[in-house]
Amino acid sequence: MSSIPLVFYPTQPIPQVDDRPPIVGSRVELQLLTTLTCNLKCTYCSISEGGVLGSQGKVTYSMEALDNFIRKHLDGYDVYVTFYGGEPTLNQPFIREVMTRYPNFRFQLQTNGTLLDNLPDNVLSRLSNILVSIDGGEKTTDGYRGRGIYRQVLKNLRETHERIGGTVTARMTWSNDAISFEEIDALTETFDYVYFQFVAGEAYTAEAVEGRKAVLSKLIERFFASTDHIYPIIPFMGAIRNKVMPKRAIELYDGKTQCRVSTHILNVMPDGKIYPCPDMMHLPEMLQGDLDGNWLRASPLQPHPNMPCHTCEAYSWCRGNCMKNLYLAYVKGDERYRKNVTDPICDLVRFMGQEIDRHRPVEWFASLPLAARKEITDCEVYEYVEIMP
Ligand code: SF4
Ligand code: SF4
């Protein structure tokens with residue numbers, strides 16, 4: 001982990017002030033927020049923080065500005081674009097224009113899935129991965145997103161699945177302790193992969209943590225019961241990859257967080273401002289660049305000596321995820337957030353690792369057929385999600 005202290009920058013365009021490269025490694029994810037508006041009102045929406053949701057409409061920078069930025073800062077990189085929002089499918093012309101302009105990029109869509117059926121075949125077929133936000137089963141999802149949403153999303157997936165070029169991944173926010181093993185297990189039958197993330201909210205009473213641990217234990221039990229194919233839950237797959245091949249956990253991220261915010265993800269707001277984390281676009285000190293001004297600096301969201309990761313048992317495979325939670329708790333010093341959000345989530349992450357270890361992952365991996373081993377070591381979806389929950 002770097003010992004570079006966190007540096008605070010002014011909000012106006014500035015030149016590079018240190019010699020760290022803006023992008024580490026050979027890949028970069030360009031997360032383009034096509035709009036900050038959304039057709040749903042999910043109760044826990046993370047970008048509603050700081051009034052970001054709805055604060056801007058559609059993209060205001062020109063395609064020439066995007067061209068110039070890519071030419072100056074991303075030339076030679078393996079670029080993958082994620083269309084993000086708000087709800088990105090509300091701005092289809094922009095998606096089509098970017099796909100036409102950059103035919104050699106990879107593309108991913110992060111969507112609530114309600115408008116998937118409106119996308120034309122030539123967009124669906126170019127998507128390497130679609131992340132569909134979901135909360136669990138029908139009752140849970142409709143509870144957070146509105147009545148009928150779960151069925152609508154599943155219907156859209158049935159209708160479009162054949163026309164989607166790549167994989168479809170459920171991106172499940174694990175919002176409460178009533179979410180059951182059965183709900184998550186059912187998602188593995190509908191989606192190619194399931195990625196879950198513990199909600200960054202005050203949802204962690206002692207009972208709620210124990211409830212999630214019980215579900216985690218069952219899921220991990222189920223995971224290791226498969227010996228011919230992989231039970232497709234990304235946080236378990238990624239954690240096991242990191243335990244079996246620890247160098248894989250560091251090679252793509254310079255040893256830092258696997259959500260890429262410290263190394264190679266650029267969240268471009270509709271007005272062209274660039275931030276490392278989509279949940280921190282309301283914090284001026286996080287400004288990393290500006291597409292209109294055509295400047296970019298290294299991510300300001302870096303490991304900090306106050307963060308406890310170096311002494312944590314999970315560090316070798318967790319690598320400090322989530323940096324937002326760590327930053328708010330240990331750099332900003334928000335004690336309430338630390339106690340009610342960051343620390344309980346880290347407790348769950350450590351528990352997940354302990355449960356995986358109980359099942360002897362190294363021996364299990366050795367018993368897998370080659371195709372299943374490759375799925376653990378090289379699954380492309382690792383590039384599109386945070387891996388750790
Ligand atoms: S579990 Fe928490 S403290 Fe431990 S390495 Fe991960 S983020 Fe850091
Ligand atoms: S996991 Fe990474 S991208 Fe997601 S909220 Fe945390 S810091 Fe931001």
# chains A, B, ... in the order shown; residues from 1 in each chain; ligands from 1
call {"tool": "closest_atom_pairs", "arguments": {"of": "chain A", "to": "ligand 1", "cutoff": "6 Å", "atoms": "only C-alpha atoms and all ligand atoms", "output": "JSON lines"}}
result
{"residue": "A:Pro308", "atom": "CA", "partner": "ligand 1", "partner_atom_place_in_ligand_line": "3 (S)", "distance": 5.1}
{"residue": "A:Cys309", "atom": "CA", "partner": "ligand 1", "partner_atom_place_in_ligand_line": "8 (Fe)", "distance": 3.6}
{"residue": "A:Cys312", "atom": "CA", "partner": "ligand 1", "partner_atom_place_in_ligand_line": "4 (Fe)", "distance": 4.6}
{"residue": "A:Ala314", "atom": "CA", "partner": "ligand 1", "partner_atom_place_in_ligand_line": "5 (S)", "distance": 4.9}
{"residue": "A:Tyr315", "atom": "CA", "partner": "ligand 1", "partner_atom_place_in_ligand_line": "5 (S)", "distance": 3.7}
{"residue": "A:Cys318", "atom": "CA", "partner": "ligand 1", "partner_atom_place_in_ligand_line": "6 (Fe)", "distance": 4.7}
{"residue": "A:Arg319", "atom": "CA", "partner": "ligand 1", "partner_atom_place_in_ligand_line": "5 (S)", "distance": 5.2}
{"residue": "A:Gly320", "atom": "CA", "partner": "ligand 1", "partner_atom_place_in_ligand_line": "7 (S)", "distance": 3.7}
{"residue": "A:Asn321", "atom": "CA", "partner": "ligand 1", "partner_atom_place_in_ligand_line": "7 (S)", "distance": 4.5}
{"residue": "A:Cys322", "atom": "CA", "partner": "ligand 1", "partner_atom_place_in_ligand_line": "7 (S)", "distance": 5.8}
{"residue": "A:Cys346", "atom": "CA", "partner": "ligand 1", "partner_atom_place_in_ligand_line": "1 (S)", "distance": 3.9}
{"residue": "A:Val349", "atom": "CA", "partner": "ligand 1", "partner_atom_place_in_ligand_line": "1 (S)", "distance": 5.2}
{"residue": "A:Arg350", "atom": "CA", "partner": "ligand 1", "partner_atom_place_in_ligand_line": "1 (S)", "distance": 5.6}
call {"tool": "residues_near_ligand", "arguments": {"ligand": "ligand 2", "cutoff": "9 Å", "atoms": "only C-alpha atoms and all ligand atoms", "output": "PyMOL selection string"}}
result
chain A and resi 46+197+200+257-262+265+276-280+301+321-327+385-389
call {"tool": "write_last_selection", "arguments": {"atoms": "C-alpha atoms", "output": "PDB file, in the first residue's frame"}}
result
ATOM      1  CA  SER A  46     -26.160   5.962  -3.451  1.00  0.00           C
ATOM      2  CA  GLN A 197     -22.476  -5.468  -2.120  1.00  0.00           C
ATOM      3  CA  ALA A 200     -23.467   1.570   2.710  1.00  0.00           C
ATOM      4  CA  THR A 257      -8.554  -1.639  -3.984  1.00  0.00           C
ATOM      5  CA  GLN A 258     -10.151  -3.954  -6.521  1.00  0.00           C
ATOM      6  CA  CYS A 259     -12.954  -1.475  -7.170  1.00  0.00           C
ATOM      7  CA  ARG A 260     -10.258   0.422  -9.095  1.00  0.00           C
ATOM      8  CA  VAL A 261     -10.928   3.872  -7.601  1.00  0.00           C
ATOM      9  CA  SER A 262      -7.268   4.394  -6.703  1.00  0.00           C
ATOM     10  CA  ILE A 265     -11.589   4.112 -13.174  1.00  0.00           C
ATOM     11  CA  PRO A 276     -12.882   8.276  -8.929  1.00  0.00           C
ATOM     12  CA  CYS A 277     -15.950   6.979  -7.054  1.00  0.00           C
ATOM     13  CA  PRO A 278     -19.536   7.455  -8.245  1.00  0.00           C
ATOM     14  CA  ASP A 279     -20.710   7.793  -4.635  1.00  0.00           C
ATOM     15  CA  MET A 280     -18.352  10.708  -3.917  1.00  0.00           C
ATOM     16  CA  LEU A 301      -8.865   8.485  -3.249  1.00  0.00           C
ATOM     17  CA  ASN A 321     -12.651  -2.229  -0.317  1.00  0.00           C
ATOM     18  CA  CYS A 322     -14.609   0.014  -0.025  1.00  0.00           C
ATOM     19  CA  MET A 323     -12.407   3.102  -0.137  1.00  0.00           C
ATOM     20  CA  LYS A 324     -15.403   5.407   0.268  1.00  0.00           C
ATOM     21  CA  ASN A 325     -16.321   3.737   3.551  1.00  0.00           C
ATOM     22  CA  LEU A 326     -12.709   3.805   4.735  1.00  0.00           C
ATOM     23  CA  TYR A 327     -12.254   7.432   3.719  1.00  0.00           C
ATOM     24  CA  VAL A 385     -17.365  -5.049 -10.682  1.00  0.00           C
ATOM     25  CA  GLU A 386     -15.739  -4.282  -7.361  1.00  0.00           C
ATOM     26  CA  ILE A 387     -15.234  -8.016  -6.548  1.00  0.00           C
ATOM     27  CA  MET A 388     -15.328  -7.455  -2.778  1.00  0.00           C
ATOM     28  CA  PRO A 389     -18.745  -6.897  -1.264  1.00  0.00           C
TER      29      PRO A 389
END
call {"tool": "residues_around", "arguments": {"residues": "Arg248 in chain A", "least_positions_apart": "3", "cutoff": "12 Å", "atoms": "only C-alpha atoms", "output": "PyMOL selection string"}}
result
chain A and resi 238-245+251-256+258+316-319+376-379+382
call {"tool": "write_last_selection", "arguments": {"atoms": "C-alpha atoms", "output": "JSON list (two decimals), in the first residue's frame"}}
result
[["chain", "number", "residue", "atom", "x", "y", "z"],
["A", 238, "GLY", "CA", -12.84, -13.32, -6.50],
["A", 239, "ALA", "CA", -11.93, -13.95, -2.87],
["A", 240, "ILE", "CA", -10.97, -17.54, -3.70],
["A", 241, "ARG", "CA", -8.94, -16.43, -6.70],
["A", 242, "ASN", "CA", -7.09, -14.04, -4.39],
["A", 243, "LYS", "CA", -6.50, -16.72, -1.79],
["A", 244, "VAL", "CA", -5.29, -19.28, -4.31],
["A", 245, "MET", "CA", -3.26, -16.79, -6.36],
["A", 251, "GLU", "CA", -1.44, -7.12, -10.36],
["A", 252, "LEU", "CA", -4.29, -5.16, -11.94],
["A", 253, "TYR", "CA", -4.68, -2.59, -9.18],
["A", 254, "ASP", "CA", -1.15, -1.76, -8.10],
["A", 255, "GLY", "CA", -1.93, -3.57, -4.84],
["A", 256, "LYS", "CA", -4.80, -1.23, -4.09],
["A", 258, "GLN", "CA", -10.15, -3.95, -6.52],
["A", 316, "SER", "CA", -4.13, -9.86, 1.45],
["A", 317, "TRP", "CA", -7.32, -10.68, -0.45],
["A", 318, "CYS", "CA", -9.68, -7.75, 0.33],
["A", 319, "ARG", "CA", -7.14, -5.02, -0.50],
["A", 376, "ILE", "CA", -12.08, -18.69, -11.02],
["A", 377, "THR", "CA", -8.79, -17.20, -12.20],
["A", 378, "ASP", "CA", -9.79, -15.25, -15.31],
["A", 379, "CYS", "CA", -13.48, -14.39, -15.18],
["A", 382, "TYR", "CA", -13.93, -9.19, -12.31]]
call {"tool": "residues_around", "arguments": {"residues": "Ala329 in chain A", "least_positions_apart": "3", "cutoff": "9 Å", "atoms": "only C-alpha atoms", "output": "MDAnalysis selection string"}}
result
chainID A and resid 307 324:326 332:339 341:343
call {"tool": "residues_around", "arguments": {"residues": "Ile184 in chain A", "least_positions_apart": "6", "cutoff": "10 Å", "atoms": "only C-alpha atoms", "output": "PyMOL selection string"}}
result
chain A and resi 135-137+170+172+174+194-196+215+219+233
call {"tool": "write_last_selection", "arguments": {"atoms": "N, CA and C atoms", "output": "PDB file, in the first residue's frame"}}
result
ATOM      1  N   ASP A 135     -32.487  -6.261  -5.890  1.00  0.00           N
ATOM      2  CA  ASP A 135     -32.319  -6.264  -4.435  1.00  0.00           C
ATOM      3  C   ASP A 135     -32.517  -7.628  -3.799  1.00  0.00           C
ATOM      4  N   GLY A 136     -32.810  -8.632  -4.622  1.00  0.00           N
ATOM      5  CA  GLY A 136     -33.115  -9.959  -4.090  1.00  0.00           C
ATOM      6  C   GLY A 136     -34.313 -10.488  -4.857  1.00  0.00           C
ATOM      7  N   GLY A 137     -35.282 -11.050  -4.137  1.00  0.00           N
ATOM      8  CA  GLY A 137     -36.482 -11.574  -4.779  1.00  0.00           C
ATOM      9  C   GLY A 137     -37.508 -10.482  -5.057  1.00  0.00           C
ATOM     10  N   ALA A 170     -26.300  -9.853 -12.075  1.00  0.00           N
ATOM     11  CA  ALA A 170     -27.154  -9.183 -11.086  1.00  0.00           C
ATOM     12  C   ALA A 170     -26.252  -8.392 -10.150  1.00  0.00           C
ATOM     13  N   MET A 172     -26.544  -6.887  -6.835  1.00  0.00           N
ATOM     14  CA  MET A 172     -27.485  -6.888  -5.722  1.00  0.00           C
ATOM     15  C   MET A 172     -26.952  -6.098  -4.540  1.00  0.00           C
ATOM     16  N   TRP A 174     -27.149  -5.635  -0.885  1.00  0.00           N
ATOM     17  CA  TRP A 174     -27.653  -6.448   0.245  1.00  0.00           C
ATOM     18  C   TRP A 174     -28.082  -5.464   1.330  1.00  0.00           C
ATOM     19  N   VAL A 194     -23.777 -13.265 -10.137  1.00  0.00           N
ATOM     20  CA  VAL A 194     -24.365 -12.416  -9.101  1.00  0.00           C
ATOM     21  C   VAL A 194     -23.225 -11.723  -8.375  1.00  0.00           C
ATOM     22  N   TYR A 195     -23.308 -10.407  -8.318  1.00  0.00           N
ATOM     23  CA  TYR A 195     -22.379  -9.642  -7.484  1.00  0.00           C
ATOM     24  C   TYR A 195     -23.212  -8.979  -6.389  1.00  0.00           C
ATOM     25  N   PHE A 196     -22.856  -9.189  -5.133  1.00  0.00           N
ATOM     26  CA  PHE A 196     -23.586  -8.484  -4.063  1.00  0.00           C
ATOM     27  C   PHE A 196     -22.658  -7.528  -3.357  1.00  0.00           C
ATOM     28  N   VAL A 215     -26.702 -16.192   6.404  1.00  0.00           N
ATOM     29  CA  VAL A 215     -26.956 -16.366   4.963  1.00  0.00           C
ATOM     30  C   VAL A 215     -25.637 -16.575   4.219  1.00  0.00           C
ATOM     31  N   LEU A 219     -24.619 -19.697   1.747  1.00  0.00           N
ATOM     32  CA  LEU A 219     -24.200 -19.463   0.352  1.00  0.00           C
ATOM     33  C   LEU A 219     -22.818 -20.067   0.094  1.00  0.00           C
ATOM     34  N   ILE A 233     -21.158 -16.666  -7.967  1.00  0.00           N
ATOM     35  CA  ILE A 233     -21.251 -15.490  -7.082  1.00  0.00           C
ATOM     36  C   ILE A 233     -19.873 -14.833  -7.018  1.00  0.00           C
TER      37      ILE A 233
END
call {"tool": "select_by_dssp", "arguments": {"residues": "range 109-251 of chain A", "states": "strand (DSSP E)", "output": "list in words"}}
result
Leu109, Gln110, Thr111, Leu127, Ser128, Asn129, Ile130, Leu131, Val132, Ser133, Ile134, Thr167, Val168, Thr169, Ala170, Arg171, Met172, Thr173, Trp174, Tyr193, Val194, Tyr195, Phe196, Gln197 and Phe198 of chain A
call {"tool": "closest_residue", "arguments": {"among": "A:Asn68, A:Gln354, A:Thr114, A:Ser180", "to": "Gly148 in chain A", "atoms": "only C-alpha atoms"}}
result
A:Thr114
call {"tool": "atom_distance", "arguments": {"atom1": "CA of Thr89 in chain A", "atom2": "CA of Lys72 in chain A"}}
result
27.9 Å
call {"tool": "closest_residue", "arguments": {"among": "A:Arg358, A:Thr263, A:Pro305, A:Glu64", "to": "Gln288 in chain A", "atoms": "only C-alpha atoms"}}
result
A:Thr263
call {"tool": "select_by_dssp", "arguments": {"residues": "range 99-310 of chain A", "states": "helix (DSSP H, G or I)", "output": "count of residues only"}}
result
83
call {"tool": "closest_residue", "arguments": {"among": "A:Lys247, A:His304, A:Arg101, A:Lys374", "to": "Val331 in chain A", "atoms": "only C-alpha atoms"}}
result
A:His304
call {"tool": "atom_distance", "arguments": {"atom1": "CA of Ala186 in chain A", "atom2": "CA of Tyr231 in chain A"}}
result
11.5 Å
call {"tool": "atom_distance", "arguments": {"atom1": "CA of His264 in chain A", "atom2": "CA of Phe191 in chain A"}}
result
26.9 Å
call {"tool": "residues_around", "arguments": {"residues": "range 29-31 of chain A", "least_positions_apart": "3", "cutoff": "12 Å", "atoms": "only C-alpha atoms", "output": "compact mmCIF listing (two decimals) with N, CA, C and O atoms, in the first residue's frame"}}
result
# COMPACT_ATOMS: atom_id res chain seq x y z
N ILE A 23 -3.30 7.24 -14.58
CA ILE A 23 -3.86 5.89 -14.70
C ILE A 23 -2.74 4.89 -14.47
O ILE A 23 -1.67 5.01 -15.07
N VAL A 24 -2.99 3.91 -13.61
CA VAL A 24 -1.99 2.90 -13.32
C VAL A 24 -2.33 1.64 -14.11
O VAL A 24 -3.48 1.20 -14.13
N GLY A 25 -1.34 1.06 -14.77
CA GLY A 25 -1.56 -0.17 -15.52
C GLY A 25 -1.91 0.12 -16.97
O GLY A 25 -1.74 1.24 -17.46
N SER A 26 -2.44 -0.91 -17.65
CA SER A 26 -2.68 -0.77 -19.09
C SER A 26 -4.16 -0.66 -19.43
O SER A 26 -4.53 -0.52 -20.58
N THR A 34 -24.51 8.96 -18.48
CA THR A 34 -25.22 9.53 -19.63
C THR A 34 -26.25 10.57 -19.19
O THR A 34 -26.64 11.42 -19.96
N THR A 35 -26.70 10.46 -17.97
CA THR A 35 -27.66 11.40 -17.38
C THR A 35 -27.66 11.18 -15.87
O THR A 35 -27.28 10.10 -15.40
N LEU A 66 -14.79 14.81 -25.92
CA LEU A 66 -14.52 13.42 -25.52
C LEU A 66 -13.37 12.85 -26.35
O LEU A 66 -12.44 12.22 -25.82
N PHE A 69 -10.07 14.31 -25.15
CA PHE A 69 -9.68 13.74 -23.85
C PHE A 69 -9.10 12.34 -24.03
O PHE A 69 -8.04 12.01 -23.48
N ILE A 70 -9.78 11.54 -24.82
CA ILE A 70 -9.32 10.16 -25.04
C ILE A 70 -7.97 10.17 -25.74
O ILE A 70 -7.06 9.41 -25.39
N HIS A 73 -5.30 11.43 -23.02
CA HIS A 73 -5.07 10.72 -21.75
C HIS A 73 -5.19 9.20 -21.84
O HIS A 73 -4.67 8.49 -20.97
N LEU A 74 -5.91 8.69 -22.85
CA LEU A 74 -6.19 7.25 -22.85
C LEU A 74 -5.61 6.52 -24.05
O LEU A 74 -5.88 5.34 -24.26
N TYR A 77 -4.36 2.65 -24.12
CA TYR A 77 -4.92 1.83 -23.03
C TYR A 77 -6.01 0.90 -23.57
O TYR A 77 -6.65 1.17 -24.59
N ASP A 78 -6.21 -0.19 -22.85
CA ASP A 78 -7.36 -1.06 -23.09
C ASP A 78 -8.55 -0.39 -22.40
O ASP A 78 -8.67 -0.42 -21.18
N VAL A 79 -9.40 0.26 -23.20
CA VAL A 79 -10.48 1.07 -22.63
C VAL A 79 -11.78 0.27 -22.60
O VAL A 79 -12.15 -0.34 -23.61
N TYR A 80 -12.41 0.23 -21.47
CA TYR A 80 -13.79 -0.27 -21.47
C TYR A 80 -14.70 0.80 -20.87
O TYR A 80 -14.40 1.43 -19.87
N VAL A 81 -15.80 1.01 -21.59
CA VAL A 81 -16.74 2.06 -21.22
C VAL A 81 -17.91 1.43 -20.48
O VAL A 81 -18.47 0.43 -20.93
N THR A 82 -18.24 2.00 -19.33
CA THR A 82 -19.49 1.61 -18.67
C THR A 82 -20.46 2.78 -18.78
O THR A 82 -20.13 3.90 -18.39
N PHE A 83 -21.63 2.50 -19.33
CA PHE A 83 -22.68 3.51 -19.36
C PHE A 83 -23.43 3.44 -18.04
O PHE A 83 -23.94 2.39 -17.65
N TYR A 84 -23.47 4.58 -17.36
CA TYR A 84 -23.91 4.64 -15.97
C TYR A 84 -24.85 5.82 -15.83
O TYR A 84 -24.95 6.67 -16.70
N GLY A 85 -25.50 5.93 -14.69
CA GLY A 85 -26.39 7.07 -14.51
C GLY A 85 -26.51 7.44 -13.05
O GLY A 85 -25.62 7.12 -12.25
N PRO A 88 -28.93 5.05 -17.36
CA PRO A 88 -28.24 5.41 -18.60
C PRO A 88 -29.06 5.21 -19.86
O PRO A 88 -28.86 5.92 -20.85
N ILE A 95 -25.37 6.76 -26.06
CA ILE A 95 -24.80 5.40 -26.05
C ILE A 95 -24.47 4.97 -27.47
O ILE A 95 -23.37 4.46 -27.75
N VAL A 98 -21.37 6.89 -28.86
CA VAL A 98 -20.07 6.45 -28.31
C VAL A 98 -19.69 5.09 -28.91
O VAL A 98 -18.53 4.87 -29.29
N PHE A 105 -13.47 -0.28 -28.41
CA PHE A 105 -13.62 -0.32 -26.96
C PHE A 105 -14.55 -1.48 -26.58
O PHE A 105 -15.34 -1.95 -27.38
N ARG A 106 -14.43 -1.92 -25.31
CA ARG A 106 -15.46 -2.82 -24.77
C ARG A 106 -16.52 -1.96 -24.09
O ARG A 106 -16.23 -0.85 -23.63
N PHE A 107 -17.74 -2.51 -24.00
CA PHE A 107 -18.83 -1.73 -23.42
C PHE A 107 -19.60 -2.54 -22.39
O PHE A 107 -19.83 -3.73 -22.56
N GLN A 108 -19.99 -1.83 -21.35
CA GLN A 108 -20.83 -2.42 -20.31
C GLN A 108 -21.95 -1.43 -20.00
O GLN A 108 -21.77 -0.21 -20.12
N LEU A 109 -23.08 -1.96 -19.57
CA LEU A 109 -24.21 -1.11 -19.16
C LEU A 109 -24.57 -1.43 -17.73
O LEU A 109 -24.72 -2.60 -17.36
N GLN A 110 -24.69 -0.39 -16.90
CA GLN A 110 -25.22 -0.55 -15.53
C GLN A 110 -26.64 0.02 -15.55
O GLN A 110 -26.82 1.20 -15.80
N CYS A 259 -11.89 -2.24 -6.49
CA CYS A 259 -12.95 -1.47 -7.17
C CYS A 259 -12.33 -0.43 -8.08
O CYS A 259 -13.05 0.29 -8.77
N ARG A 260 -11.02 -0.33 -8.11
CA ARG A 260 -10.26 0.42 -9.10
C ARG A 260 -10.22 1.94 -8.86
O ARG A 260 -9.65 2.67 -9.65
N VAL A 261 -10.85 2.42 -7.77
CA VAL A 261 -10.93 3.87 -7.60
C VAL A 261 -9.58 4.54 -7.37
O VAL A 261 -9.46 5.74 -7.56
N THR A 263 -6.79 3.56 -8.95
CA THR A 263 -5.87 3.30 -10.06
C THR A 263 -6.42 3.58 -11.46
O THR A 263 -5.80 4.28 -12.24
N HIS A 264 -7.60 3.03 -11.80
CA HIS A 264 -7.95 3.11 -13.23
C HIS A 264 -9.45 3.10 -13.53
O HIS A 264 -9.90 2.42 -14.42
N ILE A 265 -10.19 3.90 -12.78
CA ILE A 265 -11.59 4.11 -13.17
C ILE A 265 -11.88 5.61 -13.15
O ILE A 265 -11.46 6.31 -12.22
N LEU A 266 -12.51 6.08 -14.19
CA LEU A 266 -12.83 7.51 -14.29
C LEU A 266 -14.33 7.66 -14.43
O LEU A 266 -14.92 7.20 -15.41
N ASN A 267 -14.96 8.27 -13.44
CA ASN A 267 -16.40 8.53 -13.52
C ASN A 267 -16.61 9.91 -14.09
O ASN A 267 -16.28 10.91 -13.45
N VAL A 268 -17.17 9.97 -15.29
CA VAL A 268 -17.34 11.25 -15.96
C VAL A 268 -18.80 11.67 -15.84
O VAL A 268 -19.71 11.01 -16.37
N MET A 269 -19.03 12.76 -15.13
CA MET A 269 -20.40 13.25 -14.95
C MET A 269 -20.90 13.85 -16.27
O MET A 269 -20.11 14.17 -17.16
N PRO A 270 -22.21 14.03 -16.39
CA PRO A 270 -22.72 14.60 -17.64
C PRO A 270 -22.11 15.96 -18.00
O PRO A 270 -22.01 16.31 -19.17
N GLY A 272 -19.00 16.64 -17.55
CA GLY A 272 -17.59 16.43 -17.89
C GLY A 272 -16.65 16.38 -16.71
O GLY A 272 -15.47 16.07 -16.86
N LYS A 273 -17.14 16.67 -15.51
CA LYS A 273 -16.27 16.58 -14.32
C LYS A 273 -15.98 15.11 -14.00
O LYS A 273 -16.86 14.26 -14.14
N ILE A 274 -14.76 14.84 -13.55
CA ILE A 274 -14.32 13.45 -13.37
C ILE A 274 -13.99 13.17 -11.90
O ILE A 274 -13.26 13.95 -11.26
N TYR A 275 -14.53 12.06 -11.40
CA TYR A 275 -14.30 11.64 -10.01
C TYR A 275 -13.95 10.16 -9.98
O TYR A 275 -14.39 9.40 -10.84
N PRO A 276 -13.23 9.70 -8.96
CA PRO A 276 -12.88 8.28 -8.93
C PRO A 276 -14.04 7.37 -8.52
O PRO A 276 -14.15 6.26 -9.01
N CYS A 277 -14.88 7.84 -7.59
CA CYS A 277 -15.95 6.98 -7.05
C CYS A 277 -17.30 7.62 -7.35
O CYS A 277 -17.51 8.80 -7.04
N PRO A 278 -18.24 6.85 -7.90
CA PRO A 278 -19.54 7.45 -8.24
C PRO A 278 -20.35 7.88 -7.03
O PRO A 278 -21.30 8.65 -7.18
N LEU A 291 -13.32 16.88 -18.41
CA LEU A 291 -13.27 16.55 -19.83
C LEU A 291 -13.24 17.81 -20.70
O LEU A 291 -12.50 17.89 -21.68
N GLU A 383 -13.40 -7.57 -14.04
CA GLU A 383 -12.99 -6.24 -14.51
C GLU A 383 -14.12 -5.22 -14.42
O GLU A 383 -13.89 -4.03 -14.51
N TYR A 384 -15.34 -5.73 -14.30
CA TYR A 384 -16.49 -4.83 -14.38
C TYR A 384 -17.14 -4.54 -13.02
O TYR A 384 -18.02 -3.70 -12.93
N VAL A 385 -16.75 -5.27 -12.00
CA VAL A 385 -17.37 -5.05 -10.68
C VAL A 385 -16.26 -4.88 -9.63
O VAL A 385 -15.09 -5.10 -9.90
call {"tool": "closest_residue", "arguments": {"among": "A:Pro93, A:Pro344, A:Pro232, A:Pro120", "to": "Asp185 in chain A", "atoms": "only C-alpha atoms"}}
result
A:Pro232
call {"tool": "closest_residue", "arguments": {"among": "A:Leu116, A:Val168, A:Leu32, A:Val209", "to": "Asn156 in chain A", "atoms": "only C-alpha atoms"}}
result
A:Leu116
